[in-house]
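Q: Got a structure for you, questions after.
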Amino acid sequence: MPRNQRFVLLGLALAIVVVAAVVIGGGSSNATKSAGPTTIVVKNAQPVGGVKSVTFKKGGTVDLTIQSDTADEVHFHGYDVHKDVKKGGSVHFRFPASITGRFVVELEKHKQTLANVTVAQ
Ligand SMILES: [Cu+2]
C-alpha cells in the first residue's frame, strides 16, 4: 500500500473515533441535572425575576419553596398539589419526581404562572 494511501486510511479511522467520541460524550452530557431545592419569591402576585424554568431529575426529589407577599393558593399542576399561602408566608413542595413532563406552578386565584417545572430522565 503506498504511503500516502495509508495516511488517508489512518485519517479516516481517526475521524470515525472523533465522531464516535462526540456522539457518546454528547449523549452523557445531556443527562438531566437536578436543580436541587429552589425558592421562588412572589411580590405583588408576580414571580420576582420572571417565570423560572426549573428542572428536576426523574427518580429524584422535587423541592420547591414559594415565598409570597400575596395570599393565594399555589397549584402544582401535573402532580396536582394545592397549598394555601398566607400573605408574607411560604409553602414548600417536596415529593418524589415520579412523573416526567413540563408542569406549571401557578398562583391559582391570580392565574399567574410562577414557574415551569420540568421532570426528565
Ligand atoms: Cu392551577
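Identifiers for the C-alpha cells are assigned positionally: chains receive A, B, ... in sequence, residues are indexed from 1 per chain, and ligands are indexed from 1 in the order shown.
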Taking 2 positions as the minimum chain separation for residues in the same chain, which residues sit within 7 Å of stretch 62-75 of chain A when counting only C-alpha atoms? Answer as a ChimeraX atom specification.
A: /A:36-45,56,60,77,80-97,105-109
Q: Could you give me, as a list in words, the residues within 8 Å of A:Thr118, counting only C-alpha atoms and dropping anything in the same chain fewer than 3 positions from it?
A: Ser53, Val54, Thr55, Phe56, Thr100, Gly101, Arg102 and Phe103 of chain A
Q: Next, dump the selected residues to file, keeping only all heavy atoms, as an mmCIF file, in the first residue's frame.
A:
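Saved as selection19.cif:
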data_model
loop_
_atom_site.group_PDB
_atom_site.id
_atom_site.type_symbol
_atom_site.label_atom_id
_atom_site.label_comp_id
_atom_site.auth_asym_id
_atom_site.auth_seq_id
_atom_site.Cartn_x
_atom_site.Cartn_y
_atom_site.Cartn_z
ATOM 1 N N SER A 53 -37.744 28.624 34.933
ATOM 2 C CA SER A 53 -37.786 27.232 34.477
ATOM 3 C C SER A 53 -36.873 26.422 35.376
ATOM 4 O O SER A 53 -35.706 26.763 35.532
ATOM 5 C CB SER A 53 -37.313 27.133 33.028
ATOM 6 O OG SER A 53 -38.245 27.753 32.183
ATOM 7 N N VAL A 54 -37.440 25.404 35.981
ATOM 8 C CA VAL A 54 -36.683 24.575 36.917
ATOM 9 C C VAL A 54 -36.782 23.121 36.462
ATOM 10 O O VAL A 54 -37.858 22.661 36.095
ATOM 11 C CB VAL A 54 -37.245 24.694 38.354
ATOM 12 C CG1 VAL A 54 -36.283 24.076 39.361
ATOM 13 C CG2 VAL A 54 -37.541 26.135 38.721
ATOM 14 N N THR A 55 -35.655 22.426 36.486
ATOM 15 C CA THR A 55 -35.642 21.023 36.061
ATOM 16 C C THR A 55 -35.212 20.117 37.209
ATOM 17 O O THR A 55 -34.265 20.429 37.929
ATOM 18 C CB THR A 55 -34.685 20.837 34.863
ATOM 19 O OG1 THR A 55 -35.126 21.682 33.803
ATOM 20 C CG2 THR A 55 -34.673 19.406 34.378
ATOM 21 N N PHE A 56 -35.965 19.046 37.365
ATOM 22 C CA PHE A 56 -35.602 18.019 38.338
ATOM 23 C C PHE A 56 -35.466 16.691 37.609
ATOM 24 O O PHE A 56 -36.151 16.452 36.610
ATOM 25 C CB PHE A 56 -36.677 17.900 39.439
ATOM 26 C CG PHE A 56 -36.812 19.142 40.280
ATOM 27 C CD1 PHE A 56 -37.823 20.062 40.024
ATOM 28 C CD2 PHE A 56 -35.929 19.403 41.318
ATOM 29 C CE1 PHE A 56 -37.948 21.214 40.788
ATOM 30 C CE2 PHE A 56 -36.042 20.553 42.086
ATOM 31 C CZ PHE A 56 -37.055 21.455 41.823
ATOM 32 N N THR A 100 -42.761 12.342 34.518
ATOM 33 C CA THR A 100 -41.979 13.206 33.633
ATOM 34 C C THR A 100 -42.910 14.135 32.863
ATOM 35 O O THR A 100 -44.082 13.830 32.655
ATOM 36 C CB THR A 100 -41.140 12.392 32.618
ATOM 37 O OG1 THR A 100 -42.011 11.527 31.916
ATOM 38 C CG2 THR A 100 -40.060 11.591 33.297
ATOM 39 N N GLY A 101 -42.380 15.283 32.478
ATOM 40 C CA GLY A 101 -43.155 16.253 31.704
ATOM 41 C C GLY A 101 -42.824 17.660 32.143
ATOM 42 O O GLY A 101 -41.867 17.892 32.889
ATOM 43 N N ARG A 102 -43.646 18.597 31.631
ATOM 44 C CA ARG A 102 -43.438 20.009 31.962
ATOM 45 C C ARG A 102 -44.703 20.488 32.663
ATOM 46 O O ARG A 102 -45.812 20.328 32.131
ATOM 47 C CB ARG A 102 -43.210 20.791 30.667
ATOM 48 C CG ARG A 102 -42.650 22.173 30.869
ATOM 49 C CD ARG A 102 -42.052 22.663 29.550
ATOM 50 N NE ARG A 102 -41.563 24.016 29.665
ATOM 51 C CZ ARG A 102 -42.286 25.073 29.328
ATOM 52 N NH1 ARG A 102 -43.517 24.935 28.869
ATOM 53 N NH2 ARG A 102 -41.777 26.283 29.453
ATOM 54 N N PHE A 103 -44.540 21.041 33.855
ATOM 55 C CA PHE A 103 -45.687 21.369 34.696
ATOM 56 C C PHE A 103 -45.641 22.826 35.142
ATOM 57 O O PHE A 103 -44.594 23.350 35.510
ATOM 58 C CB PHE A 103 -45.715 20.450 35.921
ATOM 59 C CG PHE A 103 -45.568 18.997 35.557
ATOM 60 C CD1 PHE A 103 -44.371 18.329 35.780
ATOM 61 C CD2 PHE A 103 -46.605 18.305 34.957
ATOM 62 C CE1 PHE A 103 -44.205 17.001 35.420
ATOM 63 C CE2 PHE A 103 -46.466 16.972 34.595
ATOM 64 C CZ PHE A 103 -45.264 16.320 34.830
#
Q: By how many Å are atom CA of A:Ile99 and atom CA of A:Gly50 apart?
A: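 According to the coordinates, atom CA of A:Ile99 and atom CA of A:Gly50 are separated by 24.9 Å.
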Q: Run DSSP on the backbone and give me the residues of stretch 65-121 of chain A it puts in strand (DSSP E or B), as JSON, numbers by chain.
A: {"A": [65, 66, 67, 68, 72, 73, 74, 75, 76, 81, 82, 83, 84, 85, 89, 90, 91, 92, 93, 94, 95, 96, 101, 102, 103, 104, 105, 106, 107, 112, 113, 114, 115, 116, 117, 118, 119, 120]}
Q: Taking only stretch 26-110 of chain A into account, list the residues labelled alpha helix (DSSP H) by DSSP (computed from the backbone), as a PDB file with N, CA, C and O atoms, in the first residue's frame.
A:
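Wrote it out as states_22.pdb, contents follow:
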ATOM      1  N   GLY A  26     -21.576  13.529  23.955  1.00  0.00           N
ATOM      2  CA  GLY A  26     -22.735  14.428  23.898  1.00  0.00           C
ATOM      3  C   GLY A  26     -23.942  13.816  24.579  1.00  0.00           C
ATOM      4  O   GLY A  26     -24.668  14.487  25.292  1.00  0.00           O
ATOM      5  N   GLY A  27     -24.112  12.496  24.375  1.00  0.00           N
ATOM      6  CA  GLY A  27     -25.245  11.804  24.987  1.00  0.00           C
ATOM      7  C   GLY A  27     -25.207  11.872  26.501  1.00  0.00           C
ATOM      8  O   GLY A  27     -26.217  12.183  27.122  1.00  0.00           O
ATOM      9  N   SER A  28     -24.048  11.660  27.091  1.00  0.00           N
ATOM     10  CA  SER A  28     -23.983  11.626  28.552  1.00  0.00           C
ATOM     11  C   SER A  28     -24.082  13.030  29.155  1.00  0.00           C
ATOM     12  O   SER A  28     -24.595  13.196  30.240  1.00  0.00           O
ATOM     13  N   SER A  29     -23.603  14.060  28.416  1.00  0.00           N
ATOM     14  CA  SER A  29     -23.686  15.410  28.970  1.00  0.00           C
ATOM     15  C   SER A  29     -25.108  15.963  28.862  1.00  0.00           C
ATOM     16  O   SER A  29     -25.423  16.987  29.437  1.00  0.00           O
TER      17      SER A  29
END
Q: Can you work out the spacing between atom CA of A:Lys111 and atom 1 (Cu, counted along the ligand's line) of ligand 1 in Å, to one decimal?
A: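 We find that atom CA of A:Lys111 and atom 1 (Cu, counted along the ligand's line) of ligand 1 lie 7.2 Å from each other.
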Q: What's the separation between atom CA of A:Lys58 and atom CA of A:Thr113, in Å to one decimal place?
A: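 That distance, rounded to one decimal, is 22.3 Å.
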Q: Rank nothing, just name the residue among A:Gln5, A:Ser34, A:Gln112, A:Ser98 nearest to ligand 1, using only C-alpha atoms and all ligand atoms.
A: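 Distance minimum relative to ligand 1 lands on A:Gln112.
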